[in-house]
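What follows is the content of coords_33.csv, which has CSV, C-alpha atoms:
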```csv
chain,number,residue,atom,x,y,z
Q,1,MET,CA,-42.0,-26.5,37.0
Q,2,THR,CA,-38.6,-25.0,36.0
Q,3,LYS,CA,-38.2,-21.3,36.8
Q,4,LYS,CA,-37.8,-19.2,33.7
Q,5,ARG,CA,-34.5,-17.4,33.5
Q,6,THR,CA,-35.0,-13.6,33.5
Q,7,SER,CA,-31.4,-12.5,32.7
Q,8,THR,CA,-30.3,-11.5,29.2
Q,9,ILE,CA,-27.3,-13.8,29.2
Q,10,GLU,CA,-26.7,-15.7,25.9
Q,11,SER,CA,-24.2,-18.2,24.7
Q,12,TYR,CA,-22.1,-18.1,21.6
Q,13,THR,CA,-19.4,-20.2,20.0
Q,14,LEU,CA,-15.8,-19.1,19.1
Q,15,ASN,CA,-14.1,-20.1,15.9
Q,16,ASN,CA,-12.3,-22.8,17.7
Q,17,GLY,CA,-15.6,-24.3,18.9
Q,18,GLN,CA,-15.4,-23.2,22.5
Q,19,LYS,CA,-18.5,-21.8,24.2
Q,20,ARG,CA,-18.6,-18.3,25.7
Q,21,TYR,CA,-21.4,-16.2,27.4
Q,22,MET,CA,-22.4,-12.6,26.9
Q,23,PHE,CA,-25.1,-10.2,27.9
Q,24,GLN,CA,-26.6,-6.8,26.9
Q,25,LEU,CA,-28.1,-4.5,29.4
Q,26,TYR,CA,-30.0,-1.2,29.3
Q,27,ILE,CA,-28.1,1.4,31.4
Q,28,GLY,CA,-30.2,4.5,31.0
Q,29,VAL,CA,-30.7,7.5,28.7
Q,30,ASP,CA,-27.8,9.5,27.1
Q,31,PRO,CA,-28.3,13.1,28.3
Q,32,LEU,CA,-26.6,14.4,25.1
Q,33,THR,CA,-28.9,12.6,22.6
Q,34,GLY,CA,-31.9,11.5,24.6
Q,35,LYS,CA,-31.4,8.0,23.2
Q,36,GLN,CA,-31.3,4.7,25.2
Q,37,LYS,CA,-27.8,3.4,26.1
Q,38,ARG,CA,-26.8,-0.2,26.4
Q,39,THR,CA,-23.7,-2.0,27.4
Q,40,THR,CA,-22.5,-5.4,26.1
Q,41,ARG,CA,-20.1,-7.7,28.0
Q,42,ARG,CA,-18.8,-10.9,26.5
Q,43,GLY,CA,-16.1,-13.5,26.9
Q,44,PHE,CA,-17.3,-15.2,30.0
Q,45,LYS,CA,-16.2,-18.9,30.2
Q,46,LYS,CA,-19.0,-19.9,32.6
Q,47,ILE,CA,-22.6,-18.7,32.9
Q,48,LYS,CA,-22.1,-18.1,36.6
Q,49,GLU,CA,-19.3,-15.5,35.8
Q,50,ALA,CA,-21.7,-13.7,33.4
Q,51,GLU,CA,-24.5,-13.7,36.0
Q,52,LEU,CA,-22.1,-12.3,38.7
Q,53,ALA,CA,-21.0,-9.5,36.4
Q,54,LEU,CA,-24.6,-8.7,35.4
Q,55,ALA,CA,-25.6,-8.5,39.0
Q,56,ARG,CA,-22.8,-6.2,39.9
Q,57,ILE,CA,-23.6,-3.8,37.1
Q,58,LYS,CA,-27.3,-3.7,38.1
Q,59,LEU,CA,-26.3,-2.9,41.6
Q,60,GLU,CA,-24.0,-0.1,40.5
Q,61,ILE,CA,-26.9,1.3,38.3
Q,62,SER,CA,-29.3,1.2,41.2
Q,63,LYS,CA,-26.8,3.1,43.4
Q,64,GLY,CA,-26.0,5.6,40.7
Q,65,THR,CA,-22.3,4.6,40.7
Q,66,TYR,CA,-22.1,2.9,37.3
Q,67,GLN,CA,-19.8,4.2,34.6
Q,68,LYS,CA,-19.8,2.8,31.1
Q,69,GLN,CA,-16.7,0.7,30.4
Q,70,GLN,CA,-14.0,2.5,28.5
Q,71,PRO,CA,-11.8,0.9,25.9
Q,72,GLU,CA,-9.1,-1.0,27.8
Q,73,THR,CA,-6.9,-3.0,25.4
Q,74,TYR,CA,-4.8,-2.0,22.4
Q,75,GLN,CA,-7.4,-3.9,20.2
Q,76,ASP,CA,-10.2,-1.7,21.7
Q,77,ILE,CA,-8.4,1.5,20.8
Q,78,TYR,CA,-7.4,0.1,17.3
Q,79,ASP,CA,-11.1,-0.7,16.6
Q,80,LEU,CA,-12.0,3.0,17.3
Q,81,TRP,CA,-9.0,4.4,15.5
Q,82,VAL,CA,-9.3,2.4,12.3
Q,83,LYS,CA,-12.9,3.6,11.7
Q,84,GLN,CA,-11.6,7.2,11.6
Q,85,TYR,CA,-8.4,6.3,9.7
Q,86,GLU,CA,-10.5,4.7,6.9
Q,87,LYS,CA,-12.1,8.0,6.2
Q,88,THR,CA,-8.8,9.8,5.6
Q,89,VAL,CA,-7.0,7.7,3.0
Q,90,GLU,CA,-7.5,6.0,-0.3
Q,91,GLU,CA,-9.1,2.5,-0.2
Q,92,SER,CA,-5.9,0.9,-1.4
Q,93,THR,CA,-3.9,2.5,1.3
Q,94,PHE,CA,-6.4,1.4,3.9
Q,95,VAL,CA,-6.2,-2.2,2.7
Q,96,LYS,CA,-2.4,-2.1,3.0
Q,97,THR,CA,-2.5,-0.6,6.4
Q,98,ALA,CA,-5.1,-3.0,7.7
Q,99,GLY,CA,-2.8,-5.8,6.5
Q,100,ILE,CA,0.1,-4.4,8.4
Q,101,PHE,CA,-1.9,-4.4,11.6
Q,102,ARG,CA,-3.4,-7.8,10.9
Q,103,ASN,CA,-0.1,-9.5,10.2
Q,104,HIS,CA,2.4,-7.8,12.5
Q,105,ILE,CA,1.0,-5.3,15.1
Q,106,LEU,CA,-2.2,-6.8,16.5
Q,107,PRO,CA,-0.8,-10.4,16.9
Q,108,ALA,CA,1.8,-8.8,19.2
Q,109,MET,CA,-0.1,-6.1,21.0
Q,110,LYS,CA,-3.9,-6.6,20.8
Q,111,SER,CA,-4.4,-8.0,24.3
Q,112,TYR,CA,-2.3,-5.4,26.2
Q,113,LYS,CA,-4.1,-3.1,28.6
Q,114,VAL,CA,-3.3,0.2,27.0
Q,115,GLU,CA,-2.4,2.0,30.2
Q,116,LYS,CA,0.1,-0.8,31.0
Q,117,ILE,CA,2.1,-0.5,27.7
Q,118,THR,CA,5.6,0.7,28.7
Q,119,VAL,CA,8.6,1.8,26.7
Q,120,ASP,CA,10.2,-1.6,27.4
Q,121,VAL,CA,7.2,-3.4,25.9
Q,122,CYS,CA,7.3,-1.2,22.7
Q,123,GLN,CA,11.1,-1.6,22.5
Q,124,ARG,CA,10.8,-5.4,22.5
Q,125,HIS,CA,8.4,-5.4,19.7
Q,126,VAL,CA,10.2,-2.9,17.6
Q,127,ASP,CA,13.4,-5.0,18.0
Q,128,GLU,CA,11.4,-8.1,16.9
Q,129,TRP,CA,10.0,-6.3,13.8
Q,130,ALA,CA,13.5,-5.0,12.9
Q,131,ASP,CA,14.8,-8.5,12.9
Q,132,LYS,CA,12.3,-9.9,10.4
Q,133,LEU,CA,10.9,-6.9,8.5
Q,134,LYS,CA,12.7,-4.6,6.0
Q,135,LYS,CA,10.1,-1.8,6.6
Q,136,PHE,CA,10.0,-2.1,10.4
Q,137,ARG,CA,10.1,1.7,10.8
Q,138,MET,CA,6.7,1.9,9.0
Q,139,VAL,CA,5.3,-0.8,11.2
Q,140,LYS,CA,6.4,1.0,14.3
Q,141,SER,CA,5.0,4.3,13.0
Q,142,TYR,CA,1.5,2.7,12.5
Q,143,ALA,CA,1.6,1.0,15.9
Q,144,ALA,CA,2.3,4.4,17.5
Q,145,LYS,CA,-0.6,6.0,15.6
Q,146,VAL,CA,-3.1,4.0,17.7
Q,147,LEU,CA,-1.6,5.2,21.0
Q,148,ASP,CA,-1.6,8.8,19.6
Q,149,PHE,CA,-5.3,8.3,19.1
Q,150,ALA,CA,-5.6,7.1,22.7
Q,151,ILE,CA,-3.9,10.3,23.9
Q,152,LYS,CA,-6.4,12.4,22.0
Q,153,ARG,CA,-9.2,10.6,23.7
Q,154,ASN,CA,-7.6,10.9,27.2
Q,155,TYR,CA,-7.2,7.2,27.7
Q,156,ILE,CA,-3.4,7.6,28.3
Q,157,GLN,CA,-1.1,10.6,28.8
Q,158,THR,CA,2.0,9.7,26.8
Q,159,ASN,CA,3.0,7.5,23.9
Q,160,PRO,CA,5.7,5.0,24.9
Q,161,PHE,CA,6.7,4.5,21.3
Q,162,THR,CA,8.1,8.0,21.3
Q,163,PHE,CA,10.9,6.9,23.5
Q,164,VAL,CA,11.9,3.8,21.7
Q,165,ASP,CA,15.5,3.5,20.3
Q,166,MET,CA,15.4,2.5,16.7
Q,167,PRO,CA,17.8,-0.4,15.9
Q,168,THR,CA,19.6,1.0,12.9
Q,169,ALA,CA,23.3,0.0,13.5
Q,170,LEU,CA,22.8,-3.7,12.6
Q,171,LYS,CA,20.9,-2.8,9.4
Q,172,LYS,CA,23.6,-0.4,8.3
Q,173,LYS,CA,26.3,-3.0,8.9
Q,174,GLN,CA,24.4,-5.6,6.8
Q,175,ALA,CA,23.8,-3.1,4.0
Q,176,SER,CA,27.4,-2.2,3.8
Q,177,THR,CA,28.5,-5.8,3.4
Q,178,GLU,CA,26.0,-6.8,0.8
Q,179,ASP,CA,26.0,-5.8,-2.8
Q,180,LYS,CA,22.6,-4.3,-3.7
Q,181,VAL,CA,21.0,-5.6,-6.8
Q,182,GLU,CA,20.1,-2.6,-8.9
Q,183,ASN,CA,16.5,-2.6,-10.2
Q,184,PHE,CA,17.0,-0.9,-13.5
Q,185,TYR,CA,18.6,-1.4,-16.9
Q,186,THR,CA,21.4,0.4,-18.6
Q,187,LYS,CA,20.7,1.9,-22.0
Q,188,GLU,CA,22.1,-1.2,-23.7
Q,189,GLN,CA,20.2,-3.6,-21.5
Q,190,LEU,CA,16.9,-1.8,-22.1
Q,191,ILE,CA,17.4,-1.9,-25.9
Q,192,GLN,CA,18.1,-5.6,-25.7
Q,193,PHE,CA,15.1,-6.2,-23.5
Q,194,LEU,CA,12.7,-4.4,-25.8
Q,195,SER,CA,14.2,-6.0,-28.9
Q,196,CYS,CA,13.7,-9.5,-27.4
Q,197,LEU,CA,10.1,-8.6,-26.4
Q,198,GLU,CA,9.4,-7.3,-29.9
Q,199,ASN,CA,10.3,-10.7,-31.2
Q,200,GLU,CA,7.5,-12.3,-29.1
Q,201,ASN,CA,4.0,-12.5,-30.5
Q,202,ASN,CA,2.6,-10.3,-27.8
Q,203,ILE,CA,2.0,-6.7,-29.1
Q,204,LYS,CA,0.1,-5.7,-26.1
Q,205,ALA,CA,3.0,-6.5,-23.7
Q,206,PHE,CA,5.6,-4.9,-26.0
Q,207,THR,CA,3.5,-1.7,-26.2
Q,208,LEU,CA,3.0,-1.6,-22.5
Q,209,PHE,CA,6.6,-2.1,-21.5
Q,210,ARG,CA,7.8,0.3,-24.2
Q,211,LEU,CA,5.4,2.9,-22.7
Q,212,LEU,CA,6.7,2.3,-19.2
Q,213,ALA,CA,10.3,2.5,-20.2
Q,214,PHE,CA,9.9,5.7,-22.3
Q,215,SER,CA,7.4,7.6,-20.1
Q,216,GLY,CA,8.5,6.6,-16.6
Q,217,MET,CA,4.9,6.3,-15.5
Q,218,ARG,CA,3.8,3.9,-12.7
Q,219,LYS,CA,2.3,0.6,-13.8
Q,220,GLY,CA,-1.0,1.4,-12.1
Q,221,GLU,CA,-1.1,4.7,-14.1
Q,222,ALA,CA,-0.5,2.9,-17.4
Q,223,LEU,CA,-3.1,0.3,-16.7
Q,224,ALA,CA,-5.7,3.0,-16.0
Q,225,LEU,CA,-5.1,4.9,-19.2
Q,226,THR,CA,-7.9,5.3,-21.7
Q,227,TRP,CA,-7.4,6.4,-25.3
Q,228,ASN,CA,-8.9,9.8,-24.5
Q,229,ASP,CA,-5.8,10.4,-22.4
Q,230,LEU,CA,-3.5,10.2,-25.4
Q,231,ASP,CA,-3.0,13.1,-27.9
Q,232,PHE,CA,-1.4,11.8,-31.0
Q,233,LYS,CA,-1.2,15.3,-32.5
Q,234,THR,CA,0.9,16.7,-29.8
Q,235,ASN,CA,2.5,13.4,-28.7
Q,236,GLU,CA,1.4,13.9,-25.1
Q,237,ILE,CA,-0.2,11.7,-22.5
Q,238,ARG,CA,-2.3,13.0,-19.6
Q,239,ILE,CA,-1.8,11.0,-16.4
Q,240,ASN,CA,-4.7,11.6,-14.0
Q,241,LYS,CA,-5.6,8.3,-12.5
Q,242,ALA,CA,-4.2,4.9,-11.5
Q,243,LEU,CA,-5.5,1.3,-11.2
Q,244,SER,CA,-5.2,-0.1,-7.6
Q,245,ARG,CA,-6.5,-2.9,-5.5
Q,246,GLY,CA,-9.1,-2.2,-2.8
Q,247,LYS,CA,-11.3,-4.2,-0.4
Q,248,GLU,CA,-11.9,-7.8,-1.1
Q,249,ASN,CA,-9.1,-7.8,-3.6
Q,250,GLN,CA,-11.2,-5.8,-6.1
Q,251,LEU,CA,-9.5,-3.5,-8.7
Q,252,TYR,CA,-10.7,0.1,-8.9
Q,253,VAL,CA,-9.4,3.4,-10.4
Q,254,LYS,CA,-8.2,6.1,-8.0
Q,255,SER,CA,-6.3,9.3,-8.3
Q,256,THR,CA,-2.6,9.3,-8.9
Q,257,LYS,CA,-0.2,8.5,-6.0
Q,258,THR,CA,0.4,12.2,-5.3
Q,259,GLY,CA,-3.2,13.2,-6.0
Q,260,PHE,CA,-2.1,15.5,-8.9
Q,261,ALA,CA,-2.5,15.0,-12.7
Q,262,ARG,CA,0.5,15.6,-15.0
Q,263,THR,CA,1.1,15.6,-18.8
Q,264,VAL,CA,4.2,14.0,-20.2
Q,265,LYS,CA,5.7,14.6,-23.6
Q,266,MET,CA,6.4,11.4,-25.5
Q,267,ASP,CA,8.8,10.4,-28.4
Q,268,GLU,CA,7.3,9.9,-31.8
Q,269,ARG,CA,8.4,6.2,-32.0
Q,270,THR,CA,6.5,5.2,-28.8
Q,271,MET,CA,3.4,7.1,-29.9
Q,272,ALA,CA,3.6,5.3,-33.3
Q,273,ILE,CA,3.7,2.0,-31.5
Q,274,LEU,CA,0.7,3.0,-29.4
Q,275,ASN,CA,-1.2,4.0,-32.5
Q,276,ASP,CA,-0.4,0.6,-34.1
Q,277,TRP,CA,-1.6,-1.1,-30.9
Q,278,GLN,CA,-4.9,0.8,-31.0
Q,279,LYS,CA,-5.6,-0.5,-34.5
Q,280,LYS,CA,-4.6,-4.0,-33.5
Q,281,GLN,CA,-6.8,-3.8,-30.4
Q,282,LYS,CA,-9.8,-2.7,-32.5
Q,283,GLN,CA,-9.4,-5.8,-34.8
Q,284,ASP,CA,-8.6,-8.4,-32.1
Q,285,TYR,CA,-11.4,-7.3,-29.7
Q,286,LEU,CA,-14.0,-7.0,-32.4
Q,287,ILE,CA,-13.5,-10.7,-33.0
Q,288,LEU,CA,-14.1,-11.2,-29.3
Q,289,GLY,CA,-17.3,-9.1,-29.5
Q,290,TYR,CA,-16.1,-5.8,-28.0
Q,291,ASN,CA,-16.3,-2.4,-29.5
Q,292,THR,CA,-13.1,-0.5,-28.5
Q,293,ILE,CA,-14.1,2.8,-30.2
Q,294,LYS,CA,-16.4,3.6,-27.3
Q,295,ALA,CA,-15.6,6.4,-24.9
Q,296,GLY,CA,-13.5,5.5,-21.9
Q,297,GLN,CA,-11.9,2.5,-23.7
Q,298,LEU,CA,-8.9,1.2,-21.8
Q,299,VAL,CA,-5.6,1.2,-23.6
Q,300,PHE,CA,-4.6,-2.1,-21.9
Q,301,SER,CA,-7.4,-4.4,-21.0
Q,302,ASN,CA,-7.8,-8.2,-20.5
Q,303,GLU,CA,-9.6,-10.6,-22.8
Q,304,CYS,CA,-13.0,-9.5,-21.4
Q,305,ASN,CA,-12.1,-5.9,-22.1
Q,306,GLU,CA,-11.9,-5.2,-18.3
Q,307,TYR,CA,-9.0,-4.1,-16.1
Q,308,LEU,CA,-5.8,-6.0,-16.7
Q,309,GLN,CA,-4.6,-7.8,-13.6
Q,310,PRO,CA,-1.4,-6.0,-12.4
Q,311,THR,CA,0.2,-9.3,-11.7
Q,312,LYS,CA,0.1,-10.1,-15.4
Q,313,THR,CA,3.1,-7.8,-16.2
Q,314,ARG,CA,5.3,-9.9,-13.9
Q,315,LYS,CA,4.5,-13.1,-15.9
Q,316,TRP,CA,5.3,-11.3,-19.1
Q,317,ILE,CA,8.6,-9.8,-18.0
Q,318,LEU,CA,9.8,-13.0,-16.3
Q,319,HIS,CA,9.0,-15.0,-19.5
Q,320,VAL,CA,11.1,-12.7,-21.7
Q,321,GLN,CA,14.0,-12.4,-19.2
Q,322,THR,CA,14.2,-16.1,-18.7
Q,323,LYS,CA,13.8,-17.1,-22.4
Q,324,TYR,CA,16.5,-14.7,-23.5
Q,325,ASN,CA,18.7,-15.0,-20.4
Q,326,LEU,CA,18.4,-11.3,-19.6
Q,327,ASP,CA,19.2,-9.5,-16.3
Q,328,MET,CA,16.3,-9.5,-14.0
Q,329,ILE,CA,14.4,-6.4,-13.0
Q,330,THR,CA,10.8,-5.9,-12.0
Q,331,THR,CA,8.1,-4.0,-13.9
Q,332,HIS,CA,8.6,-1.1,-11.6
Q,333,GLY,CA,12.3,-1.2,-12.5
Q,334,LEU,CA,11.4,0.2,-15.9
Q,335,ARG,CA,10.4,3.4,-14.1
Q,336,HIS,CA,13.7,3.5,-12.3
Q,337,THR,CA,15.4,2.8,-15.7
Q,338,HIS,CA,13.6,5.8,-17.3
Q,339,CYS,CA,14.7,8.0,-14.4
Q,340,SER,CA,18.3,6.9,-14.5
Q,341,LEU,CA,18.6,7.3,-18.2
Q,342,LEU,CA,17.1,10.8,-18.0
Q,343,PHE,CA,19.9,11.8,-15.6
Q,344,GLU,CA,22.4,10.1,-17.9
Q,345,ALA,CA,21.0,12.1,-20.8
Q,346,GLY,CA,21.5,15.3,-18.9
Q,347,ALA,CA,18.1,16.1,-17.5
Q,348,SER,CA,17.9,18.2,-14.3
Q,349,ILE,CA,16.6,16.9,-11.0
Q,350,LYS,CA,13.5,19.3,-11.3
Q,351,GLU,CA,12.8,18.0,-14.9
Q,352,VAL,CA,12.9,14.4,-13.7
Q,353,GLN,CA,10.8,15.1,-10.6
Q,354,ASP,CA,8.1,16.8,-12.8
Q,355,ARG,CA,8.1,14.0,-15.4
Q,356,LEU,CA,7.9,11.1,-12.9
Q,357,GLY,CA,5.3,12.9,-10.7
Q,358,HIS,CA,7.4,12.8,-7.5
Q,359,SER,CA,5.7,15.0,-4.8
Q,360,ASP,CA,9.0,15.0,-2.8
Q,361,VAL,CA,12.3,15.8,-4.5
Q,362,GLN,CA,14.0,13.5,-2.0
Q,363,THR,CA,12.4,10.5,-3.9
Q,364,THR,CA,14.0,11.8,-7.1
Q,365,MET,CA,17.3,12.2,-5.3
Q,366,ASN,CA,17.2,8.7,-4.0
Q,367,ILE,CA,16.9,7.3,-7.5
Q,368,TYR,CA,19.6,9.8,-8.7
Q,369,ALA,CA,21.9,8.1,-6.2
Q,370,HIS,CA,21.4,4.9,-8.2
Q,371,VAL,CA,22.3,6.1,-11.6
Q,372,THR,CA,23.8,3.6,-14.1
Q,373,GLU,CA,27.4,2.3,-14.0
Q,374,LYS,CA,28.1,4.4,-17.1
Q,375,ALA,CA,27.3,7.6,-15.2
Q,376,LYS,CA,29.4,6.5,-12.3
Q,377,GLU,CA,32.3,5.8,-14.6
Q,378,ALA,CA,31.8,9.2,-16.2
Q,379,ALA,CA,32.1,10.9,-12.9
Q,380,ILE,CA,35.5,9.4,-12.1
Q,381,GLN,CA,36.7,10.1,-15.6
Q,382,LYS,CA,35.8,13.8,-15.2
Q,383,PHE,CA,37.6,13.8,-11.9
Q,384,GLU,CA,40.7,12.2,-13.4
Q,385,SER,CA,40.7,14.6,-16.3
Q,386,TYR,CA,40.4,17.6,-14.0
Q,387,ILE,CA,43.2,16.5,-11.7
Q,388,ASN,CA,45.4,15.4,-14.6
Q,389,PHE,CA,48.1,13.9,-12.3
```

Go ahead and render the structure in this file as structure tokens.
Amino acid sequence: MTKKRTSTIESYTLNNGQKRYMFQLYIGVDPLTGKQKRTTRRGFKKIKEAELALARIKLEISKGTYQKQQPETYQDIYDLWVKQYEKTVEESTFVKTAGIFRNHILPAMKSYKVEKITVDVCQRHVDEWADKLKKFRMVKSYAAKVLDFAIKRNYIQTNPFTFVDMPTALKKKQASTEDKVENFYTKEQLIQFLSCLENENNIKAFTLFRLLAFSGMRKGEALALTWNDLDFKTNEIRINKALSRGKENQLYVKSTKTGFARTVKMDERTMAILNDWQKKQKQDYLILGYNTIKAGQLVFSNECNEYLQPTKTRKWILHVQTKYNLDMITTHGLRHTHCSLLFEAGASIKEVQDRLGHSDVQTTMNIYAHVTEKAKEAAIQKFESYINF
């Protein structure tokens, strides 16, 4: 008769089809909570290895020398950190951050013993990220957050990322030798773009792009607008939410990027176009079986009267730019266009900051540095006139 195995060792299969062994063991009662404590060990290639580890832990428990295994690898610390991080940020921000770790940080560092990570190891990976990623500084910053978390938990004493030299010289050299493509239109280019778009049989797209160009709001803010947010008597729009993408690629409405609501004054022509679209929407969607007079009706929705996919605007803008041979900018470029033309029209930095909803004036200043060619030419003309030599 075969002797029955009394251990808790079990087998499981990896994604690549390989077999591994694991066990779970009762290790006593937590004095803080009074609840039972268990430890789990996995990853054994042979059942004999698992049996040996199990026997050692049982011996340590019997002698009173067992200490529960602490997180050892970067992956272990990340798994603890990310649970806390998720509670502190918007869902869309969490999804983006998790993607950065999944695509760049964890493939490089997940297997490292956290106490063995040195400055040289961090420097090597920062250099690698700098060679292939435009936003390598952000990647380095996130990678360092995990080790900061490890310091707070007393797993390590210092963060080696603190002492890394950031590779900026090469990036600056490349930037100085390449002409940057400006992501905004001049006044004349904007008028041409909107005129061509108006010729198309797409009133929804024309209204949306007109709104973006004349309000400076973010695309996500425009796609989250409801008719209740518009006041046609005062020509004002209340911006208090934004459409974003969360877990499992689902769209949802969140607060604005800065977390603050703002009200923007609009020109009469744009509000008249919005009013015309509201009437057109009512007619078109009634044919589709949707009542758009209801409370909370979206200003811009899809054929099912649900959130419009943010990627739709890229298809619309590329179609018009290609068809009429126009200069290429992105949908977000219309926000930069509005900002640049505000400066060209004489608006102050504070006025532009408030209108666009920038929480940091430096963001406004960065766009100010990219004002249109007309503004740049005006600056040298003023200088020449002043010198008069």

Each residue of segment 257-348 of chain Q lying at most 10 Å from segment 233-251 of chain Q should get a row with its shortest atom-to-atom pair and the distance in Å to one decimal, counting only C-alpha atoms; could you produce that, ordered by chain and increasing number, as a tab-separated table?
```
residue	atom	partner	partner_atom	distance
Q:Lys257	CA	Q:Ala242	CA	7.7
Q:Gly259	CA	Q:Asn240	CA	8.3
Q:Phe260	CA	Q:Asn240	CA	6.9
Q:Ala261	CA	Q:Asn240	CA	4.3
Q:Arg262	CA	Q:Ile239	CA	5.3
Q:Thr263	CA	Q:Arg238	CA	4.4
Q:Val264	CA	Q:Ile237	CA	5.5
Q:Lys265	CA	Q:Glu236	CA	4.6
Q:Met266	CA	Q:Asn235	CA	5.4
Q:Asp267	CA	Q:Asn235	CA	7.0
Q:Glu268	CA	Q:Asn235	CA	6.7
Q:Arg269	CA	Q:Asn235	CA	9.9
Q:Thr270	CA	Q:Asn235	CA	9.1
Q:Met271	CA	Q:Asn235	CA	6.5
Q:Ala272	CA	Q:Asn235	CA	9.4
Q:Tyr307	CA	Q:Leu251	CA	7.4
Q:Leu308	CA	Q:Leu243	CA	9.1
Q:Gln309	CA	Q:Leu251	CA	8.2
Q:Pro310	CA	Q:Leu243	CA	8.5
```

When you look at Tyr285 of chain Q with a cut-off of 8 Å (counting only C-alpha atoms), what residues show up, excluding the ones that are within fewer than 6 positions of it in the same chain? I need them as a tab-separated table (two decimals) with C-alpha atoms, in the frame of the given file.
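So the final result, stored in out34.tsv, reads:
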```
chain	number	residue	atom	x	y	z
Q	291	ASN	CA	-16.30	-2.40	-29.50
Q	292	THR	CA	-13.10	-0.50	-28.50
Q	303	GLU	CA	-9.60	-10.60	-22.80
Q	305	ASN	CA	-12.10	-5.90	-22.10
```

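For the atom pair formed by atom CA of Tyr78 of chain Q and atom CA of Ala143 of chain Q, the distance is 9.2 Å, given to one decimal.
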
Find, counting all atoms listed in the file, the residue in Q:Tyr155, Q:Ala205, Q:Cys196, Q:Asp127 that gets nearest to Pro167 of chain Q.
-> Q:Asp127

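Non-sequential neighbours of Glu10 of chain Q (distance at most 8 Å, separation of 4 or more positions within a chain, all atoms listed in the file) are Tyr21, Met22 and Phe23 of chain Q.
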
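One finds atom CA of Thr158 of chain Q at 15.6 Å from atom CA of Thr73 of chain Q.
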
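Across the model, the gap from atom CA of Val82 of chain Q to atom CA of Ala98 of chain Q is 8.2 Å.
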
Extract, using all atoms listed in the file, all DNA, RNA and protein residues at most 12 Å from His358 of chain Q, discarding same-chain residues fewer than 2 positions from it, and format them as a PDB file with C-alpha atoms, in the frame of the given file.
```pdb
ATOM      1  CA  GLY Q 216       8.500   6.600 -16.600  1.00  0.00           C
ATOM      2  CA  MET Q 217       4.900   6.300 -15.500  1.00  0.00           C
ATOM      3  CA  ARG Q 218       3.800   3.900 -12.700  1.00  0.00           C
ATOM      4  CA  THR Q 256      -2.600   9.300  -8.900  1.00  0.00           C
ATOM      5  CA  LYS Q 257      -0.200   8.500  -6.000  1.00  0.00           C
ATOM      6  CA  THR Q 258       0.400  12.200  -5.300  1.00  0.00           C
ATOM      7  CA  GLY Q 259      -3.200  13.200  -6.000  1.00  0.00           C
ATOM      8  CA  PHE Q 260      -2.100  15.500  -8.900  1.00  0.00           C
ATOM      9  CA  ALA Q 261      -2.500  15.000 -12.700  1.00  0.00           C
ATOM     10  CA  ARG Q 262       0.500  15.600 -15.000  1.00  0.00           C
ATOM     11  CA  ARG Q 335      10.400   3.400 -14.100  1.00  0.00           C
ATOM     12  CA  CYS Q 339      14.700   8.000 -14.400  1.00  0.00           C
ATOM     13  CA  ILE Q 349      16.600  16.900 -11.000  1.00  0.00           C
ATOM     14  CA  LYS Q 350      13.500  19.300 -11.300  1.00  0.00           C
ATOM     15  CA  GLU Q 351      12.800  18.000 -14.900  1.00  0.00           C
ATOM     16  CA  VAL Q 352      12.900  14.400 -13.700  1.00  0.00           C
ATOM     17  CA  GLN Q 353      10.800  15.100 -10.600  1.00  0.00           C
ATOM     18  CA  ASP Q 354       8.100  16.800 -12.800  1.00  0.00           C
ATOM     19  CA  ARG Q 355       8.100  14.000 -15.400  1.00  0.00           C
ATOM     20  CA  LEU Q 356       7.900  11.100 -12.900  1.00  0.00           C
ATOM     21  CA  ASP Q 360       9.000  15.000  -2.800  1.00  0.00           C
ATOM     22  CA  VAL Q 361      12.300  15.800  -4.500  1.00  0.00           C
ATOM     23  CA  GLN Q 362      14.000  13.500  -2.000  1.00  0.00           C
ATOM     24  CA  THR Q 363      12.400  10.500  -3.900  1.00  0.00           C
ATOM     25  CA  THR Q 364      14.000  11.800  -7.100  1.00  0.00           C
ATOM     26  CA  MET Q 365      17.300  12.200  -5.300  1.00  0.00           C
ATOM     27  CA  ASN Q 366      17.200   8.700  -4.000  1.00  0.00           C
ATOM     28  CA  ILE Q 367      16.900   7.300  -7.500  1.00  0.00           C
TER      29      ILE Q 367
END
```

Mind checking which residues fall within 12 Å of Lys323 of chain Q, counting all atoms listed in the file, ignoring those fewer than 2 positions away in the same chain, and posting them as a list in words?
-> Phe193, Cys196, Leu197, Asn199, Glu200, Trp316, Ile317, Leu318, His319, Val320, Gln321, Asn325, Leu326, Asp327 and Met328 of chain Q

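Nearest residue to Leu225 of chain Q, choosing from Q:Ile191, Q:Val299, Q:Ile203, Q:Val164 and counting all atoms listed in the file: Q:Val299.
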
Tell me, as a list in words, which residues lie within 10 Å of segment 41-47 of chain Q, counting all atoms listed in the file; anything in the same chain fewer than 5 positions away does not count.
-> Ile9, Glu10, Ser11, Tyr12, Leu14, Gln18, Lys19, Arg20, Tyr21, Met22, Phe23, Gln24, Leu25, Leu52, Ala53, Leu54 and Gln69 of chain Q

Nearest to Thr186 of chain Q, restricted to all atoms listed in the file and choosing among Q:Glu198, Q:Asp231, Q:Glu344, Q:Asp76, comes out as Q:Glu344
